[in-house]
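Pasted below: work-v1.txt, compact mmCIF, C-alpha atoms.
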```txt
# COMPACT_ATOMS: atom_id res chain seq x y z
CA MET A 1 98.97 144.72 76.07
CA ALA A 2 97.02 144.37 79.28
CA ILE A 3 94.26 146.87 80.02
CA THR A 4 95.03 148.35 83.43
CA SER A 5 92.76 151.41 83.49
CA ILE A 6 90.05 153.16 81.46
CA LYS A 7 89.71 156.95 81.41
CA THR A 8 86.34 158.58 81.86
CA GLY A 9 84.87 159.55 78.49
CA SER A 10 86.97 157.09 76.53
CA SER A 11 85.65 156.09 73.14
CA PHE A 12 85.40 152.39 72.51
CA THR A 13 84.79 152.53 68.76
CA ASN A 14 87.22 150.96 66.34
CA LEU A 15 88.84 148.87 69.05
CA ILE A 16 89.95 145.34 68.39
CA LYS A 17 87.23 143.18 69.85
CA TYR A 18 88.07 140.85 72.68
CA ASN A 19 85.52 138.75 74.46
CA ASP A 20 86.82 139.72 77.88
CA PHE A 21 89.42 141.76 79.67
CA LEU A 22 91.88 138.88 80.02
CA ALA A 23 93.69 139.82 76.81
CA GLY A 24 97.28 140.54 77.66
CA ASN A 25 96.81 139.71 81.32
CA PRO A 26 98.15 136.68 83.13
CA GLY A 27 95.87 133.68 82.99
CA TYR A 28 93.40 133.17 85.85
CA ASP A 29 93.63 129.83 87.59
CA PRO A 30 90.37 129.19 89.43
CA GLY A 31 91.76 126.18 91.28
CA ALA A 32 90.52 122.62 91.25
CA THR A 33 88.52 122.42 94.48
CA TRP A 34 85.30 124.32 95.12
CA LEU A 35 83.07 124.72 98.12
CA ILE A 36 79.58 123.47 97.27
CA GLN A 37 77.83 123.68 100.62
CA ARG A 38 78.49 123.83 104.34
CA ILE A 39 76.06 122.61 106.99
CA ALA A 40 76.12 122.77 110.77
CA GLY A 41 74.69 120.53 113.44
CA THR A 42 71.43 121.51 115.09
CA GLY A 43 71.61 119.39 118.22
CA THR A 44 68.46 117.41 117.56
CA ALA A 45 68.14 116.82 113.81
CA ALA A 46 68.04 113.13 113.02
CA SER A 47 70.11 113.68 109.89
CA LEU A 48 71.92 116.37 108.00
CA GLN A 49 72.11 116.22 104.27
CA PHE A 50 73.62 117.74 101.20
CA THR A 51 70.98 117.90 98.50
CA SER A 52 70.81 118.88 94.82
CA ILE A 53 74.50 118.13 94.35
CA PRO A 54 75.38 119.21 90.81
CA SER A 55 76.98 116.62 88.55
CA THR A 56 79.50 119.12 87.17
CA TYR A 57 82.47 117.94 89.24
CA LYS A 58 84.61 114.84 88.94
CA HIS A 59 84.92 113.96 92.61
CA LEU A 60 83.45 115.08 95.92
CA GLN A 61 85.11 115.57 99.29
CA ILE A 62 83.49 116.04 102.69
CA ARG A 63 85.51 117.50 105.55
CA TYR A 64 84.05 117.49 109.01
CA CYS A 65 84.70 118.50 112.59
CA ILE A 66 81.86 117.20 114.74
CA ARG A 67 80.61 116.21 118.16
CA GLY A 68 77.58 114.10 118.93
CA TYR A 69 74.53 115.31 120.80
CA ASP A 70 72.65 112.68 122.75
CA THR A 71 70.22 112.64 125.63
CA SER A 72 71.90 109.76 127.46
CA SER A 73 75.35 111.31 128.10
CA ARG A 74 77.16 108.73 126.00
CA SER A 75 80.90 108.82 125.50
CA ASP A 76 80.66 107.64 121.90
CA ASP A 77 78.14 108.34 119.18
CA ASP A 78 78.03 107.20 115.55
CA LEU A 79 78.46 109.03 112.28
CA ARG A 80 76.80 107.11 109.44
CA ILE A 81 76.48 107.86 105.74
CA ARG A 82 73.87 107.12 103.10
CA PHE A 83 73.55 108.21 99.47
CA ASN A 84 70.48 109.34 97.52
CA ASN A 85 68.29 108.39 100.51
CA ASP A 86 68.83 104.79 99.42
CA SER A 87 68.24 102.55 102.46
CA THR A 88 68.75 99.26 100.62
CA SER A 89 71.10 97.29 102.85
CA ALA A 90 72.46 95.23 99.97
CA ASN A 91 73.77 98.39 98.31
CA TYR A 92 76.43 99.15 100.93
CA TYR A 93 79.59 97.57 102.24
CA GLY A 94 82.49 98.96 104.27
CA HIS A 95 86.03 97.87 105.10
CA PHE A 96 88.06 99.52 107.84
CA LEU A 97 91.60 99.49 109.25
CA GLN A 98 91.60 101.03 112.68
CA GLY A 99 93.63 101.45 115.83
CA ASN A 100 92.61 102.43 119.35
CA GLY A 101 96.03 103.06 120.83
CA SER A 102 96.73 99.44 121.70
CA THR A 103 95.15 97.20 119.07
CA VAL A 104 95.00 97.26 115.27
CA ALA A 105 91.88 95.75 113.74
CA ALA A 106 90.56 95.10 110.25
CA VAL A 107 86.78 95.24 110.14
CA ALA A 108 84.19 94.52 107.45
CA GLN A 109 80.64 95.77 107.66
CA SER A 110 77.67 95.03 105.46
CA GLY A 111 74.98 97.56 104.78
CA ALA A 112 72.65 95.50 106.92
CA TYR A 113 74.70 96.28 110.03
CA ALA A 114 73.19 99.73 110.37
CA GLY A 115 70.13 99.36 108.17
CA GLY A 116 71.07 100.58 104.73
CA GLN A 117 73.93 102.87 105.67
CA VAL A 118 77.59 102.56 106.60
CA VAL A 119 79.07 103.60 109.94
CA ILE A 120 81.97 105.95 109.26
CA SER A 121 82.84 106.30 112.94
CA GLN A 122 81.64 104.79 116.18
CA THR A 123 83.79 107.07 118.32
CA VAL A 124 82.34 110.51 117.73
CA PRO A 125 82.53 112.17 121.17
CA GLY A 126 79.03 112.18 122.67
CA SER A 127 77.42 114.37 125.28
CA GLY A 128 79.22 112.51 128.04
CA ALA A 129 82.69 112.88 126.53
CA THR A 130 85.34 115.35 127.64
CA ALA A 131 84.23 118.87 126.81
CA ASN A 132 85.54 120.49 123.64
CA VAL A 133 86.82 117.24 122.09
CA MET A 134 85.78 116.76 118.46
CA ALA A 135 85.94 114.02 115.84
CA THR A 136 87.36 114.92 112.46
CA GLY A 137 87.52 113.32 109.07
CA ILE A 138 87.81 113.52 105.31
CA ILE A 139 85.59 111.49 102.97
CA ASP A 140 86.44 111.24 99.26
CA ILE A 141 83.69 110.14 96.88
CA HIS A 142 85.19 109.25 93.53
CA ASP A 143 83.46 109.70 90.18
CA TYR A 144 80.20 110.32 92.01
CA ALA A 145 78.28 111.40 88.91
CA SER A 146 78.98 108.26 86.90
CA THR A 147 75.89 106.49 85.61
CA THR A 148 77.75 103.37 84.53
CA LYS A 149 79.76 102.44 87.61
CA ASN A 150 79.17 101.64 91.24
CA LYS A 151 80.72 104.17 93.64
CA THR A 152 83.82 103.78 95.79
CA VAL A 153 84.44 105.99 98.79
CA ARG A 154 87.52 106.27 100.97
CA PHE A 155 87.87 108.08 104.25
CA ILE A 156 90.06 108.84 107.24
CA THR A 157 88.52 109.73 110.56
CA GLY A 158 89.81 110.07 114.07
CA ASN A 159 89.57 111.57 117.50
CA ASP A 160 91.91 111.66 120.47
CA ARG A 161 90.92 112.42 124.06
CA ASN A 162 94.26 112.36 125.88
CA GLY A 163 93.95 108.78 126.99
CA SER A 164 91.50 107.26 124.57
CA GLY A 165 90.72 107.64 120.89
CA GLN A 166 90.64 105.97 117.53
CA ILE A 167 92.09 106.43 114.08
CA ARG A 168 90.24 104.68 111.24
CA LEU A 169 90.96 104.34 107.52
CA GLY A 170 88.06 103.07 105.50
CA SER A 171 86.47 102.28 102.19
CA VAL A 172 82.79 102.16 101.33
CA GLY A 173 81.22 100.49 98.33
CA TYR A 174 77.92 101.95 97.20
CA PHE A 175 76.51 99.48 94.71
CA SER A 176 74.53 101.79 92.48
CA THR A 177 75.13 103.21 89.04
CA SER A 178 72.96 106.23 89.77
CA ALA A 179 74.71 109.55 90.06
CA ILE A 180 74.97 110.69 93.66
CA SER A 181 72.82 113.78 94.07
CA SER A 182 72.32 113.77 97.81
CA ILE A 183 74.30 112.62 100.84
CA GLN A 184 72.78 111.93 104.23
CA LEU A 185 74.96 112.24 107.34
CA LEU A 186 73.25 110.37 110.12
CA PRO A 187 74.00 110.60 113.82
CA ASP A 188 73.30 107.80 116.21
CA PRO A 189 71.56 108.01 118.56
CA ASP A 190 70.35 111.59 118.39
CA GLY A 191 72.16 114.48 116.65
CA PHE A 192 75.23 116.61 116.16
CA THR A 193 76.04 119.64 118.31
CA THR A 194 75.73 123.15 116.93
CA THR A 195 79.53 123.37 116.98
CA SER A 196 79.65 120.58 114.36
CA THR A 197 80.28 121.35 110.71
CA PHE A 198 80.31 119.37 107.50
CA ALA A 199 81.65 120.98 104.30
CA LEU A 200 81.13 119.51 100.83
CA TYR A 201 83.67 120.28 98.12
CA GLY A 202 83.65 119.53 94.40
CA MET A 203 86.84 118.68 92.58
CA VAL A 204 87.17 119.59 88.94
CA GLY A 205 88.28 116.75 86.68
CA MET B 1 80.06 126.49 89.49
CA PRO B 2 80.28 128.85 92.46
CA ASP B 3 82.96 131.49 92.31
CA THR B 4 84.73 130.17 95.35
CA SER B 5 88.09 128.50 94.92
CA THR B 6 88.63 126.81 98.24
CA GLU B 7 92.27 125.82 98.63
CA VAL B 8 94.67 128.73 98.87
CA VAL B 9 98.42 128.72 99.42
CA ILE B 10 99.07 130.85 102.50
CA ALA B 11 102.83 130.34 102.60
CA SER B 12 105.51 127.97 101.37
CA GLN B 13 109.08 127.45 102.53
CA THR B 14 111.94 125.52 100.97
CA LEU B 15 115.13 125.55 102.98
CA SER B 16 118.20 126.97 101.28
CA SER B 17 120.24 126.28 104.40
CA THR B 18 119.86 123.82 107.23
CA ALA B 19 117.40 124.73 109.97
CA SER B 20 116.17 123.33 113.26
CA SER B 21 112.53 124.02 112.41
CA ILE B 22 110.07 125.55 109.96
CA THR B 23 107.53 128.03 111.26
CA PHE B 24 104.42 129.56 109.72
CA SER B 25 103.26 132.59 111.66
CA SER B 26 100.56 135.27 111.48
CA ILE B 27 98.08 132.74 110.08
CA PRO B 28 94.82 134.55 109.32
CA ALA B 29 91.62 133.21 110.85
CA THR B 30 89.69 133.47 107.59
CA TYR B 31 89.70 129.81 106.60
CA THR B 32 87.84 126.77 107.89
CA ASP B 33 90.73 124.31 107.96
CA LEU B 34 94.46 124.30 107.38
CA ARG B 35 96.48 121.77 105.44
CA ILE B 36 100.26 121.36 105.52
CA VAL B 37 102.24 119.28 103.07
CA PHE B 38 105.80 118.51 104.19
CA THR B 39 108.60 116.72 102.40
CA GLY B 40 112.01 116.71 103.99
CA LEU B 41 114.95 114.99 105.56
CA LEU B 42 117.59 115.48 108.23
CA THR B 43 121.27 116.31 107.92
CA THR B 44 122.49 113.65 110.28
CA ALA B 45 123.30 110.07 109.42
CA GLY B 46 122.09 107.14 111.40
CA THR B 47 118.79 106.17 112.88
CA GLY B 48 115.86 108.37 112.06
CA ASP B 49 113.75 110.48 114.34
CA THR B 50 110.09 111.47 114.41
CA LEU B 51 108.58 114.67 113.06
CA ALA B 52 106.82 116.98 115.51
CA MET B 53 104.45 119.93 115.44
CA ARG B 54 103.55 122.70 117.88
CA PHE B 55 100.96 125.44 117.75
CA ASN B 56 101.26 129.01 119.00
CA SER B 57 104.68 128.15 120.54
CA ASP B 58 102.89 126.06 123.19
CA ALA B 59 105.44 123.68 124.77
CA GLY B 60 103.13 122.61 127.59
CA ALA B 61 101.92 119.04 128.05
CA ASN B 62 98.76 119.79 126.07
CA TYR B 63 99.15 117.34 123.17
CA SER B 64 98.12 113.71 122.81
CA ARG B 65 97.85 111.23 119.97
CA THR B 66 96.64 107.87 118.75
CA PHE B 67 98.13 106.23 115.68
CA ILE B 68 98.41 103.14 113.53
CA GLN B 69 101.60 102.19 111.75
CA GLY B 70 102.83 99.50 109.39
CA ASP B 71 106.51 98.94 108.73
CA GLY B 72 106.44 96.04 106.29
CA SER B 73 106.42 93.33 108.89
CA ALA B 74 103.88 94.33 111.54
CA ALA B 75 101.01 96.70 112.18
CA ILE B 76 100.72 98.45 115.52
CA SER B 77 98.55 101.01 117.24
CA SER B 78 99.83 103.13 120.08
CA ARG B 79 99.10 106.35 121.94
CA ALA B 80 100.76 108.99 124.06
CA THR B 81 99.13 111.38 126.50
CA ALA B 82 100.14 114.76 127.97
CA GLN B 83 102.88 115.35 125.42
CA GLU B 84 104.73 118.59 124.74
CA TYR B 85 104.19 118.32 120.97
CA GLY B 86 102.16 116.50 118.36
CA LEU B 87 103.63 113.91 116.00
CA ILE B 88 103.00 114.06 112.26
CA ALA B 89 105.42 111.50 110.78
CA GLY B 90 106.67 108.14 111.97
CA GLN B 91 110.26 108.66 110.93
CA ILE B 92 112.53 111.21 109.31
CA ALA B 93 116.22 110.68 108.59
CA ASN B 94 118.95 111.62 106.14
CA PHE B 95 118.60 109.01 103.40
CA ASN B 96 115.27 109.55 101.69
CA PRO B 97 112.70 112.31 102.19
CA SER B 98 109.77 111.71 104.48
CA PHE B 99 106.30 112.91 103.56
CA ALA B 100 103.59 114.19 105.86
CA GLY B 101 100.18 115.57 104.94
CA VAL B 102 98.52 117.25 107.92
CA ASP B 103 94.91 118.44 108.14
CA ILE B 104 94.09 120.82 111.00
CA PHE B 105 90.34 121.17 111.46
CA SER B 106 88.47 124.23 112.69
CA TYR B 107 91.80 125.82 113.62
CA ALA B 108 90.22 129.18 114.44
CA GLY B 109 87.34 127.69 116.41
CA THR B 110 86.77 127.64 120.14
CA THR B 111 86.91 123.88 120.74
CA PHE B 112 90.05 121.79 121.24
CA LYS B 113 92.00 121.27 118.01
CA THR B 114 92.16 117.86 116.35
CA PHE B 115 94.56 117.24 113.49
CA LEU B 116 95.05 114.22 111.26
CA SER B 117 98.35 113.32 109.64
CA GLN B 118 99.35 110.65 107.16
CA SER B 119 103.05 110.05 106.68
CA ALA B 120 105.28 107.87 104.53
CA ASP B 121 108.99 107.26 104.54
CA VAL B 122 111.41 104.75 103.10
CA GLY B 123 114.93 104.02 104.21
CA THR B 124 115.90 105.66 107.45
CA SER B 125 119.25 104.06 108.08
CA GLY B 126 122.25 103.09 106.01
CA GLY B 127 120.64 103.84 102.69
CA SER B 128 119.28 100.36 102.26
CA GLY B 129 115.66 101.36 102.14
CA GLN B 130 114.28 98.59 104.30
CA TYR B 131 113.27 100.66 107.30
CA GLY B 132 110.26 102.51 105.94
CA ASP B 133 106.80 102.83 107.37
CA VAL B 134 103.39 104.31 106.73
CA THR B 135 101.60 105.94 109.64
CA SER B 136 98.26 107.63 110.29
CA PHE B 137 97.92 109.87 113.33
CA VAL B 138 95.12 111.64 115.09
CA ASN B 139 96.48 114.32 117.42
CA LEU B 140 94.74 116.54 119.95
CA TRP B 141 95.89 119.95 121.13
CA ARG B 142 93.95 120.79 124.26
CA SER B 143 93.53 124.48 123.70
CA THR B 144 90.54 126.58 122.72
CA ALA B 145 92.77 129.34 121.33
CA ALA B 146 92.78 130.01 117.61
CA ILE B 147 95.91 128.69 115.91
CA THR B 148 97.99 131.59 114.64
CA SER B 149 101.34 129.86 114.20
CA VAL B 150 102.55 126.36 113.40
CA GLN B 151 106.05 125.02 113.90
CA ILE B 152 107.39 121.79 112.38
CA ALA B 153 110.57 120.29 113.80
CA PRO B 154 112.43 117.05 114.32
CA ARG B 155 111.28 115.66 117.66
CA TYR B 156 111.76 118.40 120.23
CA GLY B 157 114.73 117.61 122.44
CA SER B 158 116.55 115.74 119.70
CA SER B 159 119.56 117.09 117.86
CA GLY B 160 117.97 116.67 114.44
CA THR B 161 118.32 119.40 111.83
CA PHE B 162 116.39 119.77 108.59
CA ALA B 163 118.51 119.44 105.45
CA ILE B 164 118.63 121.87 102.54
CA GLY B 165 115.69 121.31 100.21
CA THR B 166 113.25 120.39 102.95
CA THR B 167 109.95 121.99 101.99
CA ALA B 168 106.61 122.72 103.63
CA THR B 169 103.52 124.43 102.24
CA LEU B 170 100.62 125.80 104.27
CA TYR B 171 97.19 125.87 102.62
CA GLY B 172 94.03 127.51 103.83
CA ILE B 173 90.76 125.73 103.03
CA LEU B 174 87.65 127.89 102.93
```
How does the structure come out when it is put into structure tokens?
Amino acid sequence: MAITSIKTGSSFTNLIKYNDFLAGNPGYDPGATWLIQRIAGTGTAASLQFTSIPSTYKHLQIRYCIRGYDTSSRSDDDLRIRFNNDSTSANYYGHFLQGNGSTVAAVAQSGAYAGGQVVISQTVPGSGATANVMATGIIDIHDYASTTKNKTVRFITGNDRNGSGQIRLGSVGYFSTSAISSIQLLPDPDGFTTTSTFALYGMVG
Amino acid sequence: MPDTSTEVVIASQTLSSTASSITFSSIPATYTDLRIVFTGLLTTAGTGDTLAMRFNSDAGANYSRTFIQGDGSAAISSRATAQEYGLIAGQIANFNPSFAGVDIFSYAGTTFKTFLSQSADVGTSGGSGQYGDVTSFVNLWRSTAAITSVQIAPRYGSSGTFAIGTTATLYGIL
């Protein structure tokens, strides 16, 4: 029988011992996805990063809604990604399928392209872009805590500006068997606006 | 592990009778993002239609989109500006259900709203299954208002009607 209330002054001697109050109650489903950390843009920071990522999940997911901050009023800024502060160019490779509203393109990019990181998007609205327009995306990092396998990442990112825009599907290979414990999100050229947010989720396996 | 389960079902609808649309209303502003998973089909035979979405009952020309699509023989990218609705699936018809997964970012924020959709469908005409496609959209709703309601419908202006069994679930992501 479920315990639904306890009267003041009740005696708890000679009760059947349970380890918790779940006995007789419906099971509690905590869900499979958990918020680990959320970070916001600062305008000028050269990178944002998730650090001390616990290895207790099976997969990671980053969701973002961002806008670039730059001092040169650019229309387009970059969002780049790096793991464990590892800037070894040979450890990264990316493959993308993207469309800009008129042309479909398949693109490959080595880690050397951006100096030991992979460019997730080259169309993050910059300071010169239409006000209030944001870039969004979801990055899935599979089996990130493995110490025997390289890491594979997939993502979708896009922005539309009522006349221009891009949708990009991508994969990233991170050629390291180290568990991922930190993720660097790098703007180019300058930063992300204070209206920008990145959220890191852990998925239970 | 933090005590914060992040994906919560806000509402779910499965049609027990045909309907011209599915609407989620009174959406609380307490989440970061919204996610909608749709699986459904139309009642009418013949060529399929597209699947559309509106926010806060806004039928103004405030939507635009860019997408890529593959149909088994070619890949294309296209866009539309100043539209009266967003698109979330390339096709929907009466033969086989279409799927759309839609992510709406920062829906309660004060910037314009960007939403991503990935859709899949197979067999939109005659039951032969050869007319499918896979499509990825990025849509923009040029409004700084918080989203409090979402409506999903066959392309507005068409005569399409959702069939019995069509289902949509709205999730809130903390």
Which residues of chain A are close to chain B, meaning at most 9 Å apart when you count all atoms listed in the file, and how do they look as JSON, numbers by chain?
{"A": [30, 31, 32, 33, 34, 35, 36, 54, 56, 57, 63, 64, 65, 97, 98, 99, 100, 101, 102, 103, 104, 131, 132, 133, 134, 135, 136, 137, 156, 157, 158, 159, 160, 161, 162, 163, 164, 165, 166, 167, 168, 169, 195, 197, 201]}
For range 140-151 of chain A, find every residue with an atom within 7 Å (counting only C-alpha atoms), except residues of its own chain fewer than 2 positions away, and show them as a PyMOL selection string.
chain A and resi 55+58-62+138+153-155+173-180
Around the point (79.4, 118.0, 103.7), in the coordinates given by the file, pick out the residues reaching within 7 Å, counting all atoms listed in the file, and return them as a ChimeraX atom specification.
/A:37-39,50,62-63,198-200
Nearest residue to Ser127 in chain A out of A:Ser110, A:Ser87, A:Ser5, A:Ser72, using all atoms listed in the file?
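Looking only at the distances to Ser127 in chain A, the closest residue turns out to be A:Ser72.
Going from CA of Arg80 in chain A over to CA of Val118 in chain A, you cover 5.4 Å.
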Atomic separation - CA of Gly60 in chain B relative to CA of Ser12 in chain B, Å:
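Separation between CA of Ser12 in chain B and CA of Gly60 in chain B: 26.9 Å.
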Between CA of Ala11 in chain B and CA of Ile147 in chain B - distance in Å to one decimal
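It comes out at 15.1 Å.
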Of the candidates A:Pro189, A:Gly111, A:Gly94, A:Gly170, which shows the shortest atom-to-atom distance to Gly126 in chain A, using all atoms listed in the file?
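Residue with the minimum atom-to-atom distance to Gly126 in chain A: A:Pro189.
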Just want the 8 Å neighbourhood of Leu185 in chain A, counted on all atoms listed in the file, with same-chain residues fewer than 5 positions away dropped. Output as a list in words.
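Within the cut-off, the hits are Ser47, Leu48, Gln49, Leu79, Arg80, Ile81 and Arg82 of chain A.
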Could you dump the residues just selected with C-alpha atoms as an mmCIF file, keeping the file's coordinate frame?
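The file below, out-v1.cif, is the result:
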```cif
data_model
loop_
_atom_site.group_PDB
_atom_site.id
_atom_site.type_symbol
_atom_site.label_atom_id
_atom_site.label_comp_id
_atom_site.auth_asym_id
_atom_site.auth_seq_id
_atom_site.Cartn_x
_atom_site.Cartn_y
_atom_site.Cartn_z
ATOM 1 C CA SER A 47 70.110 113.680 109.890
ATOM 2 C CA LEU A 48 71.920 116.370 108.000
ATOM 3 C CA GLN A 49 72.110 116.220 104.270
ATOM 4 C CA LEU A 79 78.460 109.030 112.280
ATOM 5 C CA ARG A 80 76.800 107.110 109.440
ATOM 6 C CA ILE A 81 76.480 107.860 105.740
ATOM 7 C CA ARG A 82 73.870 107.120 103.100
#
```
Residue with the minimum atom-to-atom distance to Ser73 in chain B, picked from B:Ala89, B:Ala145, B:Val134, B:Ala168 with all atoms listed in the file counted, is B:Val134
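Using only C-alpha atoms, the smallest distance between any of B:Pro28, B:Gly40, B:Pro97, B:Gly70 and Asp121 in chain B comes from B:Pro97.
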Select, from B:Ser159, B:Asn94, B:Ser149, B:Ser119, the residue with the minimum atom-to-atom distance to Thr43 in chain B, counting only C-alpha atoms.
B:Asn94
Pick from A:Pro125, A:Gly205, A:Ile53, A:Tyr93 nearest to Pro187 in chain A, counting only C-alpha atoms
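Ranked by minimum distance to Pro187 in chain A, first place goes to A:Pro125.
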What lies within 12 Å of Ser26 in chain B using all atoms listed in the file, ignoring chain neighbours under 6 positions off, as a compact mmCIF listing (two decimals) with C-alpha atoms, keeping the file's coordinate frame?
```
# COMPACT_ATOMS: atom_id res chain seq x y z
CA ILE B 10 99.07 130.85 102.50
CA ALA B 11 102.83 130.34 102.60
CA PHE B 55 100.96 125.44 117.75
CA ASN B 56 101.26 129.01 119.00
CA ALA B 146 92.78 130.01 117.61
CA ILE B 147 95.91 128.69 115.91
CA THR B 148 97.99 131.59 114.64
CA SER B 149 101.34 129.86 114.20
CA VAL B 150 102.55 126.36 113.40
CA GLN B 151 106.05 125.02 113.90
CA LEU B 170 100.62 125.80 104.27
```
Selection: 9 Å around Thr39 in chain B, only C-alpha atoms, excl. self and same-chain fewer than 2 positions, as an NGL selection string:
:B and (37 or 41 or 97-101 or 165-168)
